[in-house]
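To be precise, the following lines are structure19.cif, and they hold mmCIF, C-alpha atoms and all ligand atoms.
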```
data_protein
#
loop_
_atom_site.label_atom_id
_atom_site.label_comp_id
_atom_site.auth_asym_id
_atom_site.auth_seq_id
_atom_site.Cartn_x
_atom_site.Cartn_y
_atom_site.Cartn_z
CA MET A 1 -13.59 -11.51 -19.17
CA LYS A 2 -10.03 -12.59 -18.76
CA ILE A 3 -8.00 -10.66 -16.23
CA LEU A 4 -4.28 -10.51 -15.58
CA LEU A 5 -3.50 -9.70 -11.93
CA ILE A 6 0.11 -8.83 -11.14
CA GLY A 7 1.52 -9.49 -7.66
CA SER A 8 1.84 -12.20 -5.05
CA GLY A 9 0.72 -10.82 -1.69
CA GLY A 10 -2.33 -10.86 0.54
CA ARG A 11 -3.45 -7.77 -1.32
CA GLU A 12 -3.63 -9.71 -4.59
CA HIS A 13 -5.43 -12.68 -3.02
CA CYS A 14 -8.00 -10.26 -1.63
CA ILE A 15 -8.38 -8.45 -4.98
CA ALA A 16 -8.84 -11.79 -6.78
CA LYS A 17 -11.57 -12.85 -4.33
CA LYS A 18 -13.42 -9.58 -4.77
CA LEU A 19 -13.06 -9.58 -8.57
CA LYS A 20 -14.38 -13.09 -9.05
CA GLU A 21 -17.70 -12.14 -7.43
CA ASN A 22 -18.53 -10.53 -10.77
CA LYS A 23 -20.17 -13.08 -13.08
CA ARG A 24 -18.50 -11.62 -16.17
CA VAL A 25 -15.10 -12.65 -14.78
CA LYS A 26 -14.26 -16.03 -16.29
CA LYS A 27 -10.57 -16.27 -15.54
CA ILE A 28 -7.96 -14.45 -13.47
CA PHE A 29 -4.33 -15.16 -14.37
CA CYS A 30 -2.23 -14.32 -11.32
CA VAL A 31 1.40 -13.40 -11.93
CA PRO A 32 2.98 -15.01 -10.01
CA GLY A 33 0.12 -15.30 -7.48
CA ASN A 34 0.47 -17.25 -4.22
CA GLY A 35 -0.98 -20.24 -2.38
CA GLY A 36 -4.25 -18.33 -1.92
CA THR A 37 -4.84 -17.60 -5.59
CA ALA A 38 -3.69 -21.15 -6.44
CA LEU A 39 -6.67 -22.47 -4.47
CA GLU A 40 -9.35 -20.06 -5.73
CA ASP A 41 -11.63 -21.16 -8.52
CA LYS A 42 -11.44 -18.97 -11.67
CA CYS A 43 -7.77 -18.26 -10.75
CA GLU A 44 -4.61 -19.67 -12.30
CA ASN A 45 -1.07 -18.82 -11.23
CA ILE A 46 1.39 -18.03 -14.01
CA ASN A 47 5.10 -18.21 -13.36
CA PHE A 48 6.38 -14.96 -14.87
CA LEU A 49 8.73 -12.39 -13.42
CA VAL A 50 6.79 -9.28 -12.40
CA SER A 51 9.72 -7.25 -13.79
CA ASP A 52 9.40 -8.83 -17.27
CA ILE A 53 7.14 -6.16 -18.76
CA GLU A 54 7.61 -7.27 -22.39
CA GLY A 55 6.94 -10.89 -21.43
CA LEU A 56 3.75 -9.88 -19.62
CA LEU A 57 2.68 -7.80 -22.59
CA ASN A 58 3.10 -10.75 -24.94
CA PHE A 59 1.24 -13.01 -22.53
CA ALA A 60 -1.64 -10.51 -22.36
CA LYS A 61 -1.83 -10.31 -26.16
CA GLU A 62 -1.57 -14.04 -26.77
CA ASN A 63 -4.24 -14.82 -24.19
CA ASN A 64 -6.65 -12.02 -25.15
CA ILE A 65 -6.54 -10.46 -21.71
CA ASP A 66 -9.32 -7.88 -21.31
CA LEU A 67 -7.93 -6.07 -18.27
CA THR A 68 -4.64 -6.01 -16.37
CA ILE A 69 -4.48 -4.94 -12.72
CA VAL A 70 -1.14 -4.07 -11.14
CA GLY A 71 -0.70 -4.78 -7.43
CA PRO A 72 2.85 -3.69 -6.53
CA GLU A 73 4.54 -0.37 -7.33
CA ASP A 74 7.69 -1.55 -9.12
CA PRO A 75 6.11 -2.42 -12.50
CA LEU A 76 4.20 0.89 -12.47
CA ILE A 77 7.36 2.87 -11.75
CA ASN A 78 9.06 0.90 -14.53
CA GLY A 79 6.39 1.93 -17.03
CA ILE A 80 4.16 -1.15 -17.42
CA SER A 81 1.06 1.02 -17.94
CA ASP A 82 2.79 3.08 -20.65
CA ARG A 83 3.71 -0.08 -22.59
CA PHE A 84 0.30 -1.75 -22.25
CA THR A 85 -1.60 1.40 -23.32
CA GLU A 86 0.78 1.97 -26.24
CA GLU A 87 -0.20 -1.50 -27.44
CA GLY A 88 -3.91 -0.80 -26.96
CA LEU A 89 -4.36 -2.97 -23.85
CA LYS A 90 -6.44 -1.94 -20.84
CA ILE A 91 -4.46 -1.62 -17.63
CA PHE A 92 -5.39 -0.31 -14.18
CA GLY A 93 -2.56 1.76 -12.67
CA PRO A 94 -0.77 5.01 -13.48
CA LYS A 95 1.87 5.53 -16.12
CA ARG A 96 5.54 6.03 -15.26
CA PHE A 97 5.34 9.82 -14.83
CA GLY A 98 2.43 9.66 -12.35
CA ALA A 99 3.98 6.67 -10.57
CA MET A 100 6.90 8.91 -9.62
CA LEU A 101 4.64 10.22 -6.86
CA GLU A 102 5.62 7.00 -5.12
CA GLY A 103 8.90 6.26 -6.90
CA SER A 104 10.68 9.46 -5.90
CA LYS A 105 10.24 11.16 -2.55
CA CYS A 106 11.98 14.33 -3.78
CA PHE A 107 9.62 14.48 -6.77
CA SER A 108 6.54 13.92 -4.62
CA LYS A 109 7.56 16.55 -2.02
CA ASP A 110 8.14 19.10 -4.82
CA PHE A 111 4.74 18.17 -6.27
CA MET A 112 3.06 18.69 -2.88
CA LYS A 113 4.75 22.07 -2.47
CA LYS A 114 3.87 23.19 -6.02
CA TYR A 115 0.17 22.43 -5.55
CA GLY A 116 -0.12 23.58 -1.93
CA VAL A 117 -0.76 20.10 -0.49
CA LYS A 118 -0.28 20.28 3.27
CA THR A 119 2.92 18.45 4.15
CA ALA A 120 5.94 18.67 6.49
CA LYS A 121 8.53 21.37 5.70
CA TYR A 122 11.52 19.93 3.83
CA GLU A 123 14.59 20.39 1.65
CA ASN A 124 15.93 18.03 -1.02
CA PHE A 125 19.67 17.32 -1.37
CA THR A 126 21.93 15.55 -3.84
CA GLU A 127 25.24 16.40 -2.12
CA TYR A 128 26.34 14.97 1.20
CA ASP A 129 28.24 18.12 2.32
CA LYS A 130 25.29 20.42 1.70
CA ALA A 131 22.91 18.01 3.45
CA LEU A 132 25.21 17.84 6.48
CA GLU A 133 25.57 21.61 6.63
CA TYR A 134 21.76 21.97 6.61
CA LEU A 135 21.30 19.20 9.17
CA LYS A 136 23.58 20.97 11.65
CA GLU A 137 21.25 23.98 11.73
CA GLN A 138 18.06 21.98 12.37
CA GLU A 139 16.09 21.10 15.47
CA PHE A 140 15.65 17.44 16.38
CA PRO A 141 13.95 15.01 15.98
CA ILE A 142 14.15 15.28 12.21
CA VAL A 143 13.34 12.87 9.38
CA ILE A 144 15.73 11.80 6.61
CA LYS A 145 14.40 9.87 3.59
CA ALA A 146 16.15 8.17 0.70
CA ASP A 147 14.60 9.38 -2.55
CA GLY A 148 13.91 6.05 -4.26
CA LEU A 149 12.33 2.74 -3.32
CA ALA A 150 14.10 1.17 -0.36
CA LEU A 151 11.81 -1.71 0.63
CA GLY A 152 10.20 0.44 3.34
CA LYS A 153 13.54 0.98 5.08
CA GLY A 154 14.54 4.33 3.60
CA VAL A 155 13.05 6.55 6.33
CA TYR A 156 15.16 7.51 9.36
CA ILE A 157 13.69 9.30 12.36
CA CYS A 158 16.76 10.97 13.89
CA GLU A 159 16.63 12.03 17.54
CA ASN A 160 19.89 14.02 17.45
CA LEU A 161 22.67 15.24 15.16
CA GLU A 162 24.72 12.09 15.68
CA GLN A 163 21.89 9.86 14.43
CA GLY A 164 21.29 12.29 11.56
CA GLU A 165 24.95 12.10 10.49
CA GLU A 166 24.82 8.32 10.64
CA ALA A 167 21.69 8.24 8.45
CA LEU A 168 23.26 10.59 5.91
CA LYS A 169 26.38 8.39 5.76
CA ASP A 170 24.31 5.20 5.37
CA ILE A 171 22.22 6.62 2.58
CA MET A 172 24.55 8.96 0.67
CA VAL A 173 28.07 7.68 1.31
CA ASN A 174 27.70 3.93 1.93
CA ASP A 175 24.84 3.81 -0.61
CA ILE A 176 23.07 1.07 1.32
CA PHE A 177 19.93 1.45 -0.82
CA LYS A 178 21.92 0.97 -4.05
CA GLY A 179 21.21 4.22 -5.86
CA ALA A 180 17.89 4.97 -4.13
CA GLY A 181 19.79 7.37 -1.86
CA SER A 182 21.63 9.50 -4.40
CA SER A 183 19.03 12.14 -3.52
CA ILE A 184 17.45 12.62 -0.11
CA VAL A 185 14.72 14.58 1.62
CA ILE A 186 15.29 16.11 5.05
CA GLU A 187 11.97 17.00 6.61
CA GLU A 188 10.30 18.27 9.75
CA PHE A 189 9.24 15.58 12.24
CA LEU A 190 5.48 15.41 12.74
CA ASP A 191 4.04 14.10 15.98
CA GLY A 192 0.63 12.46 15.66
CA VAL A 193 -1.32 9.40 14.59
CA GLU A 194 -1.15 7.95 11.10
CA ALA A 195 -3.96 6.94 8.78
CA SER A 196 -4.11 5.38 5.33
CA ILE A 197 -6.70 6.63 2.87
CA LEU A 198 -6.90 4.80 -0.44
CA SER A 199 -8.67 6.46 -3.32
CA VAL A 200 -9.25 5.90 -7.02
CA THR A 201 -8.99 8.53 -9.71
CA ASP A 202 -9.70 8.64 -13.42
CA GLY A 203 -7.83 11.94 -13.66
CA LYS A 204 -11.04 13.99 -13.55
CA THR A 205 -12.65 12.77 -10.33
CA ILE A 206 -11.14 11.34 -7.18
CA LYS A 207 -13.11 9.08 -4.82
CA PRO A 208 -11.73 8.26 -1.38
CA PHE A 209 -12.30 4.86 0.22
CA ILE A 210 -13.02 4.42 3.90
CA SER A 211 -9.94 5.06 6.01
CA ALA A 212 -7.65 2.46 7.55
CA LYS A 213 -5.25 2.24 10.47
CA ASP A 214 -2.09 0.30 9.65
CA HIS A 215 0.19 -0.92 12.44
CA LYS A 216 3.66 -0.70 10.94
CA GLN A 217 6.01 -1.75 13.72
CA VAL A 218 6.58 -5.41 14.44
CA PHE A 219 5.95 -5.42 18.20
CA ASP A 220 3.00 -4.46 20.40
CA GLY A 221 2.74 -0.82 21.39
CA GLY A 222 4.38 0.28 18.12
CA LYS A 223 7.83 -0.96 19.14
CA GLY A 224 10.57 -2.51 17.04
CA PRO A 225 11.45 -2.06 13.39
CA ASN A 226 8.98 -1.05 10.68
CA THR A 227 7.38 -3.78 8.58
CA GLY A 228 5.10 -3.75 5.55
CA GLY A 229 2.23 -3.67 8.08
CA MET A 230 1.30 -6.03 10.91
CA GLY A 231 -2.43 -5.44 10.88
CA VAL A 232 -5.16 -2.96 10.09
CA LEU A 233 -8.41 -1.67 11.48
CA ALA A 234 -10.83 -0.08 9.02
CA PRO A 235 -12.31 2.44 9.23
CA ASN A 236 -9.65 4.27 11.26
CA PRO A 237 -11.27 5.66 14.45
CA TYR A 238 -8.96 8.73 14.36
CA VAL A 239 -10.29 9.80 10.97
CA THR A 240 -13.27 11.82 12.19
CA GLU A 241 -15.62 13.85 9.97
CA ASP A 242 -13.49 16.94 10.71
CA VAL A 243 -10.24 15.21 9.77
CA LEU A 244 -11.84 13.90 6.58
CA LYS A 245 -13.08 17.35 5.63
CA GLU A 246 -9.64 18.87 6.18
CA PHE A 247 -8.00 15.98 4.28
CA LYS A 248 -10.24 16.56 1.27
CA GLU A 249 -9.67 20.31 1.20
CA THR A 250 -5.97 20.55 1.94
CA ILE A 251 -4.64 17.26 0.54
CA MET A 252 -6.93 15.26 -1.75
CA ASN A 253 -8.45 17.93 -3.99
CA LYS A 254 -5.13 19.74 -4.40
CA THR A 255 -3.54 16.46 -5.40
CA LEU A 256 -6.15 15.94 -8.11
CA LEU A 257 -5.50 19.44 -9.41
CA GLY A 258 -1.77 18.70 -9.56
CA ILE A 259 -2.38 15.42 -11.40
CA GLN A 260 -4.38 17.32 -14.01
CA GLU A 261 -1.93 20.21 -14.36
CA GLU A 262 1.07 17.89 -14.71
CA GLY A 263 -0.71 15.82 -17.38
CA PHE A 264 -0.06 12.49 -15.66
CA ASP A 265 -2.99 10.77 -17.45
CA PHE A 266 -3.54 8.99 -14.15
CA LYS A 267 -6.01 6.10 -13.92
CA GLY A 268 -5.55 4.09 -10.81
CA VAL A 269 -5.08 4.28 -7.06
CA ILE A 270 -3.74 7.13 -5.02
CA PHE A 271 -3.07 5.99 -1.50
CA PHE A 272 -2.49 8.84 0.95
CA GLY A 273 -0.39 8.18 4.05
CA ILE A 274 -1.43 10.97 6.41
CA MET A 275 -0.42 12.15 9.88
CA ILE A 276 -3.12 13.63 12.11
CA THR A 277 -1.45 16.10 14.49
CA LYS A 278 -2.51 18.83 16.92
CA LYS A 279 -1.56 21.33 14.19
CA GLY A 280 -3.76 19.67 11.59
CA THR A 281 -3.59 16.83 9.09
CA TYR A 282 -0.48 16.45 6.91
CA LEU A 283 0.38 14.27 3.95
CA LEU A 284 3.38 12.03 4.64
CA GLU A 285 3.51 10.19 1.34
CA TYR A 286 1.72 8.99 -1.75
CA ASN A 287 1.55 5.41 -2.95
CA VAL A 288 0.17 4.68 -6.40
CA ARG A 289 -1.25 1.22 -5.69
CA PHE A 290 -3.52 -0.53 -3.24
CA GLY A 291 -2.04 -0.82 0.27
CA ASP A 292 -1.04 -4.12 1.77
CA PRO A 293 -2.50 -5.04 4.29
CA GLU A 294 -4.98 -2.09 4.08
CA THR A 295 -6.75 -3.63 1.07
CA GLN A 296 -7.59 -6.79 3.01
CA SER A 297 -9.59 -4.69 5.53
CA VAL A 298 -11.11 -2.14 3.20
CA LEU A 299 -12.32 -4.27 0.27
CA PRO A 300 -14.52 -6.55 2.43
CA LEU A 301 -16.44 -3.42 3.49
CA MET A 302 -17.00 -2.23 -0.07
CA GLU A 303 -20.59 -2.80 -1.22
CA ASN A 304 -19.92 -2.04 -4.87
CA ASP A 305 -18.86 -4.45 -7.53
CA PHE A 306 -15.08 -4.09 -7.66
CA LEU A 307 -14.69 -4.82 -11.37
CA GLU A 308 -17.26 -2.13 -12.18
CA LEU A 309 -15.32 0.37 -10.08
CA LEU A 310 -12.11 -0.38 -11.99
CA GLU A 311 -13.91 -0.18 -15.33
CA SER A 312 -15.49 3.12 -14.45
CA THR A 313 -12.04 4.46 -13.47
CA LEU A 314 -10.59 3.36 -16.81
CA ASP A 315 -13.39 4.71 -18.98
CA GLY A 316 -13.42 8.06 -17.18
CA SER A 317 -16.92 7.81 -15.71
CA LEU A 318 -15.94 7.74 -12.04
CA SER A 319 -18.00 10.87 -11.30
CA ASP A 320 -21.15 8.77 -11.88
CA PHE A 321 -19.98 5.93 -9.64
CA ASN A 322 -21.38 5.92 -6.11
CA LEU A 323 -19.04 4.19 -3.73
CA SER A 324 -20.86 2.67 -0.78
CA TRP A 325 -19.62 0.96 2.34
CA LYS A 326 -21.01 -1.54 4.80
CA ASN A 327 -21.57 -0.35 8.35
CA GLY A 328 -19.09 -1.69 10.85
CA TYR A 329 -15.40 -2.50 11.00
CA VAL A 330 -12.94 -5.05 9.73
CA CYS A 331 -9.91 -5.94 11.83
CA ASN A 332 -7.08 -7.66 9.98
CA VAL A 333 -4.44 -9.38 12.09
CA VAL A 334 -1.33 -10.35 10.14
CA LEU A 335 0.23 -13.69 11.06
CA ALA A 336 3.93 -13.48 10.33
CA SER A 337 6.91 -15.83 10.37
CA LYS A 338 8.91 -15.49 13.59
CA GLY A 339 11.91 -13.24 12.88
CA TYR A 340 10.20 -11.03 10.28
CA PRO A 341 11.13 -8.31 9.20
CA GLY A 342 14.61 -9.76 9.82
CA VAL A 343 15.68 -13.31 9.06
CA TYR A 344 13.00 -16.01 9.23
CA GLU A 345 12.53 -19.61 8.14
CA LYS A 346 10.21 -20.78 5.36
CA GLY A 347 8.61 -23.99 4.18
CA TYR A 348 6.43 -24.80 7.21
CA GLU A 349 3.08 -26.47 6.63
CA ILE A 350 0.05 -24.28 7.30
CA THR A 351 -3.22 -25.70 8.63
CA ILE A 352 -6.44 -23.70 8.54
CA ASN A 353 -9.60 -24.99 10.20
CA SER A 354 -12.19 -25.37 7.42
CA ASN A 355 -14.84 -23.26 9.17
CA VAL A 356 -12.60 -20.14 9.15
CA LYS A 357 -11.24 -20.52 5.59
CA ASP A 358 -13.30 -17.66 4.18
CA LYS A 359 -11.93 -15.33 6.89
CA VAL A 360 -8.28 -16.00 6.07
CA ILE A 361 -6.37 -14.20 3.32
CA ILE A 362 -3.22 -15.90 2.12
CA ALA A 363 -0.08 -13.80 1.65
CA GLY A 364 3.42 -15.29 1.99
CA ALA A 365 2.46 -18.90 1.35
CA THR A 366 2.67 -21.22 -1.63
CA LEU A 367 1.10 -24.49 -2.60
CA LYS A 368 3.65 -27.32 -2.67
CA ASP A 369 2.40 -30.80 -3.57
CA ASP A 370 -1.11 -29.64 -2.62
CA VAL A 371 0.05 -28.50 0.82
CA LEU A 372 0.08 -24.84 1.82
CA VAL A 373 3.53 -23.88 3.15
CA THR A 374 5.01 -20.61 4.41
CA SER A 375 7.09 -18.73 1.86
CA GLY A 376 7.27 -15.16 3.15
CA GLY A 377 7.43 -12.88 6.18
CA ARG A 378 3.77 -11.95 6.30
CA VAL A 379 2.00 -15.28 5.85
CA LEU A 380 -1.74 -14.80 6.48
CA SER A 381 -4.33 -12.16 7.35
CA LEU A 382 -7.08 -13.09 9.80
CA LEU A 383 -10.20 -11.00 9.15
CA GLY A 384 -12.79 -10.18 11.78
CA TYR A 385 -15.94 -8.21 11.03
CA GLY A 386 -18.07 -6.47 13.64
CA LEU A 387 -20.63 -3.72 13.94
CA ASP A 388 -18.34 -2.06 16.44
CA ARG A 389 -14.57 -2.21 16.45
CA TYR A 390 -14.26 -4.28 19.62
CA GLU A 391 -16.37 -7.01 18.06
CA ALA A 392 -14.27 -6.86 14.87
CA ILE A 393 -11.06 -7.15 16.90
CA LYS A 394 -12.43 -10.05 18.97
CA ASN A 395 -13.61 -11.88 15.85
CA ALA A 396 -10.20 -11.55 14.20
CA TYR A 397 -8.30 -12.82 17.27
CA ASP A 398 -10.80 -15.67 17.70
CA ILE A 399 -9.37 -17.17 14.48
CA LEU A 400 -5.84 -17.29 15.90
CA ASP A 401 -6.00 -20.78 17.42
CA LYS A 402 -7.75 -22.20 14.34
CA VAL A 403 -4.75 -21.52 12.14
CA ASN A 404 -1.31 -23.00 12.65
CA PHE A 405 2.24 -23.10 11.37
CA SER A 406 5.57 -23.40 13.08
CA GLY A 407 6.85 -20.02 14.29
CA LYS A 408 3.59 -18.12 13.82
CA TYR A 409 3.76 -14.63 15.29
CA CYS A 410 1.34 -11.72 15.48
CA ARG A 411 0.84 -8.49 17.39
CA LEU A 412 -1.82 -8.74 20.06
CA ASP A 413 -2.89 -5.09 19.96
CA ILE A 414 -4.15 -4.59 16.40
CA GLY A 415 -6.97 -2.05 16.41
CA LYS A 416 -6.70 -1.41 20.12
P1 LIG B 501 6.91 7.08 4.49
O1 LIG B 501 7.54 6.00 3.67
O2 LIG B 501 7.21 8.47 4.03
O3 LIG B 501 5.46 6.86 4.82
O4 LIG B 501 7.58 6.90 5.93
C1 LIG B 501 7.52 5.69 6.64
C2 LIG B 501 7.11 5.98 8.05
O5 LIG B 501 8.00 6.92 8.65
C3 LIG B 501 5.74 6.63 8.16
O6 LIG B 501 4.73 5.68 8.14
C4 LIG B 501 5.86 7.35 9.47
O7 LIG B 501 5.65 6.45 10.55
C5 LIG B 501 7.29 7.78 9.50
N1 LIG B 501 7.43 9.18 9.01
C6 LIG B 501 7.64 9.56 7.73
N2 LIG B 501 7.72 10.91 7.64
C7 LIG B 501 7.56 11.37 8.89
C8 LIG B 501 7.53 12.71 9.46
N3 LIG B 501 7.72 13.80 8.72
N4 LIG B 501 7.34 12.80 10.80
C9 LIG B 501 7.17 11.69 11.55
N5 LIG B 501 7.18 10.44 11.09
C10 LIG B 501 7.38 10.27 9.77
N1 LIG B 502 0.82 -0.90 4.39
C1 LIG B 502 1.53 0.13 3.76
C2 LIG B 502 1.73 -0.01 2.32
O1 LIG B 502 1.08 -0.77 1.63
O2 LIG B 502 2.60 0.69 1.81
#
```

Could you render the structure as C-alpha cells?
Amino acid sequence: MKILLIGSGGREHCIAKKLKENKRVKKIFCVPGNGGTALEDKCENINFLVSDIEGLLNFAKENNIDLTIVGPEDPLINGISDRFTEEGLKIFGPKRFGAMLEGSKCFSKDFMKKYGVKTAKYENFTEYDKALEYLKEQEFPIVIKADGLALGKGVYICENLEQGEEALKDIMVNDIFKGAGSSIVIEEFLDGVEASILSVTDGKTIKPFISAKDHKQVFDGGKGPNTGGMGVLAPNPYVTEDVLKEFKETIMNKTLLGIQEEGFDFKGVIFFGIMITKKGTYLLEYNVRFGDPETQSVLPLMENDFLELLESTLDGSLSDFNLSWKNGYVCNVVLASKGYPGVYEKGYEITINSNVKDKVIIAGATLKDDVLVTSGGRVLSLLGYGLDRYEAIKNAYDILDKVNFSGKYCRLDIGK
C-alpha cells in the first residue's frame, strides 16, 4: 500500500511509526512531514503546501495512493475529503460539513444543543452591541470564544465585565483573528478538570480511545498562556468508570445520533474535549482530527493494528472491530523551544542519545544536511511507559538529559 499522510507535527511522526508496523504498508508519503518522518524507513517527505488540495489530489492520482490520512484540521475544514471522495480516492477524515464541528464554535454549540449533548449554557452573537448588552447582564467569570479557527488563541476566560469588554473589542471590533471573530459564543464558565477523549466513527458506530490528560499552559502548575499542549498522561486518572459512563450517555452517543441525523457522512476522528466538574461532565469542544500531543501518548498503548482500524472505519465495519489497549500509562513530556508560545529561535542542532531514539517523537524539527535542527515551538516528545503512572512519568523525565538543543524547555509537572 502507498499512503499519503498530511501534516508535519509530532502527531504525524507518531502516526507514521504506527502505520509502518503493518507489513502491507510499502510507502508513506508525508506532506510536508518533518525531521522525524525524514528519518523513518518507508517514509518520504514531499514538499507540498497542505492547503493545495488540488495539487495533493493530483499527486495522489499520479502516484496511485491507496489511502490518504489527514492530520491537521485546516484541510478537512477546507473540504479535502469531499474532493478526494468525489474523485474516487480513499481518505480518512470528515467532509467539510462534518468538519464544521471543529471549524465553527457557533455551529458546534448549536449542534450540541439540538442533540441534547451536555455542554455549558451559551448564546451566539454576530453583532457587537447585542453581545455587549448580553454580557452586562451575566455573572463572571464568563467565557468568550471567536467562532472560527484562531490558532488556539480564540478563547477568553473573563474574570469581570472590563475583561469581557476588552475581549469583545479584540475579537469583534479589532478583528484580531481576521474574520474568525465575526461571530462569537458567550458561554458559562465551568470549573473542573479537563480530559481529552479521541474516538473514531464510521457514521454508524463510534469507538472511544483511552482517555488522555493534556497540559495546555506553558508553565508548571497550569500557569502562563495556552499552548498546543505541553505534555500528556494517558489514560487520564480523572476519567473514572463513572465519568466514562456519563460521557458515553450524555455526550458521545448523542453526538453520534446528531452526526447521523445531519447526514455528515462522517468517517474519521471525533476528539472530545471535556470538563469534569462537581455538577457532572460537560463537552467543551469537538475536534475532527487526532490530538497533538494526545496521539503520541495514546497510540503507543493501542494493541490493534492502526491501518486495520482506519480501514475498518472507512469501509463501515467498525462495529466488528475490537479496540484493545495495553495495561499501564504513557507520559509524554513535550520539549519546546524557549519562548514558545511567543517568539522563539530556530535552527539549533538537536542531539538524541542513540539508546533513547525509539522513545522520542520528533515534532518541530527538520533535517538539514543530515543534521536534525529545531524548526518549531514544540520540538520533541519524550515518551515514558510504566505499569503505574509514577513509573511512566519517571521514565519520560529520565530521557531529558539524553536529548539536547540550545534553549530546550519543558514543564516539570506533566502527569503529576
Ligand atoms: P476550547 O478551544 O473550546 O477547548 O477552549 C480552550 C480552552 O479554554 C479549554 O481547553 C479550556 O481550558 C478553556 N475553556 C473553554 N471553554 C470553557 C468553559 N466553558 N469554562 C471553562 N474553561 C473553558
Ligand atoms: N492538544 C489539543 C489539540 O490537539 O487540539

* To do: Step by step, measure atom-to-atom distances between ligand LIG 501 (chain B) and each residue using all atoms listed in the file, keep those at most 10 Å, then write them as number ranges by chain.
  => A: 102, 105, 119-122, 141-147, 149-158, 185-196, 214-217, 222, 226-229, 272-275, 282-287

* To do: Determine the nearest neighbour of ligand LIG 502 (chain B) from the options A:Thr85, A:Thr240, A:Asn322, A:Gln296, counting all atoms listed in the file.
  => A:Gln296

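Residue nearest Ile393 in chain A, chosen from A:Met112, A:Leu310, A:Cys43, A:Cys331 and counting only C-alpha atoms: A:Cys331.
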
Residues within 10 Å of Ser375 in chain A, all atoms listed in the file, excluding chain neighbours under 2 positions, as a PDB file with C-alpha atoms, keeping the file's coordinate frame:
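Result went into result_38.pdb, see below:
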```pdb
ATOM      1  CA  ASN A  34       0.470 -17.250  -4.220  1.00  0.00           C
ATOM      2  CA  GLY A  35      -0.980 -20.240  -2.380  1.00  0.00           C
ATOM      3  CA  SER A 337       6.910 -15.830  10.370  1.00  0.00           C
ATOM      4  CA  TYR A 344      13.000 -16.010   9.230  1.00  0.00           C
ATOM      5  CA  GLU A 345      12.530 -19.610   8.140  1.00  0.00           C
ATOM      6  CA  LYS A 346      10.210 -20.780   5.360  1.00  0.00           C
ATOM      7  CA  GLY A 347       8.610 -23.990   4.180  1.00  0.00           C
ATOM      8  CA  TYR A 348       6.430 -24.800   7.210  1.00  0.00           C
ATOM      9  CA  GLU A 349       3.080 -26.470   6.630  1.00  0.00           C
ATOM     10  CA  ALA A 363      -0.080 -13.800   1.650  1.00  0.00           C
ATOM     11  CA  GLY A 364       3.420 -15.290   1.990  1.00  0.00           C
ATOM     12  CA  ALA A 365       2.460 -18.900   1.350  1.00  0.00           C
ATOM     13  CA  THR A 366       2.670 -21.220  -1.630  1.00  0.00           C
ATOM     14  CA  LEU A 367       1.100 -24.490  -2.600  1.00  0.00           C
ATOM     15  CA  LEU A 372       0.080 -24.840   1.820  1.00  0.00           C
ATOM     16  CA  VAL A 373       3.530 -23.880   3.150  1.00  0.00           C
ATOM     17  CA  GLY A 377       7.430 -12.880   6.180  1.00  0.00           C
ATOM     18  CA  ARG A 378       3.770 -11.950   6.300  1.00  0.00           C
ATOM     19  CA  VAL A 379       2.000 -15.280   5.850  1.00  0.00           C
TER      20      VAL A 379
END
```

* Mind checking which residues fall within 9 Å of Glu44 in chain A, counting all atoms listed in the file, ignoring those fewer than 3 positions away in the same chain, and posting them as a list in words? => Lys27, Ile28, Phe29, Cys30, Val31, Gly33, Thr37, Ala38, Leu39, Glu40 and Asp41 of chain A
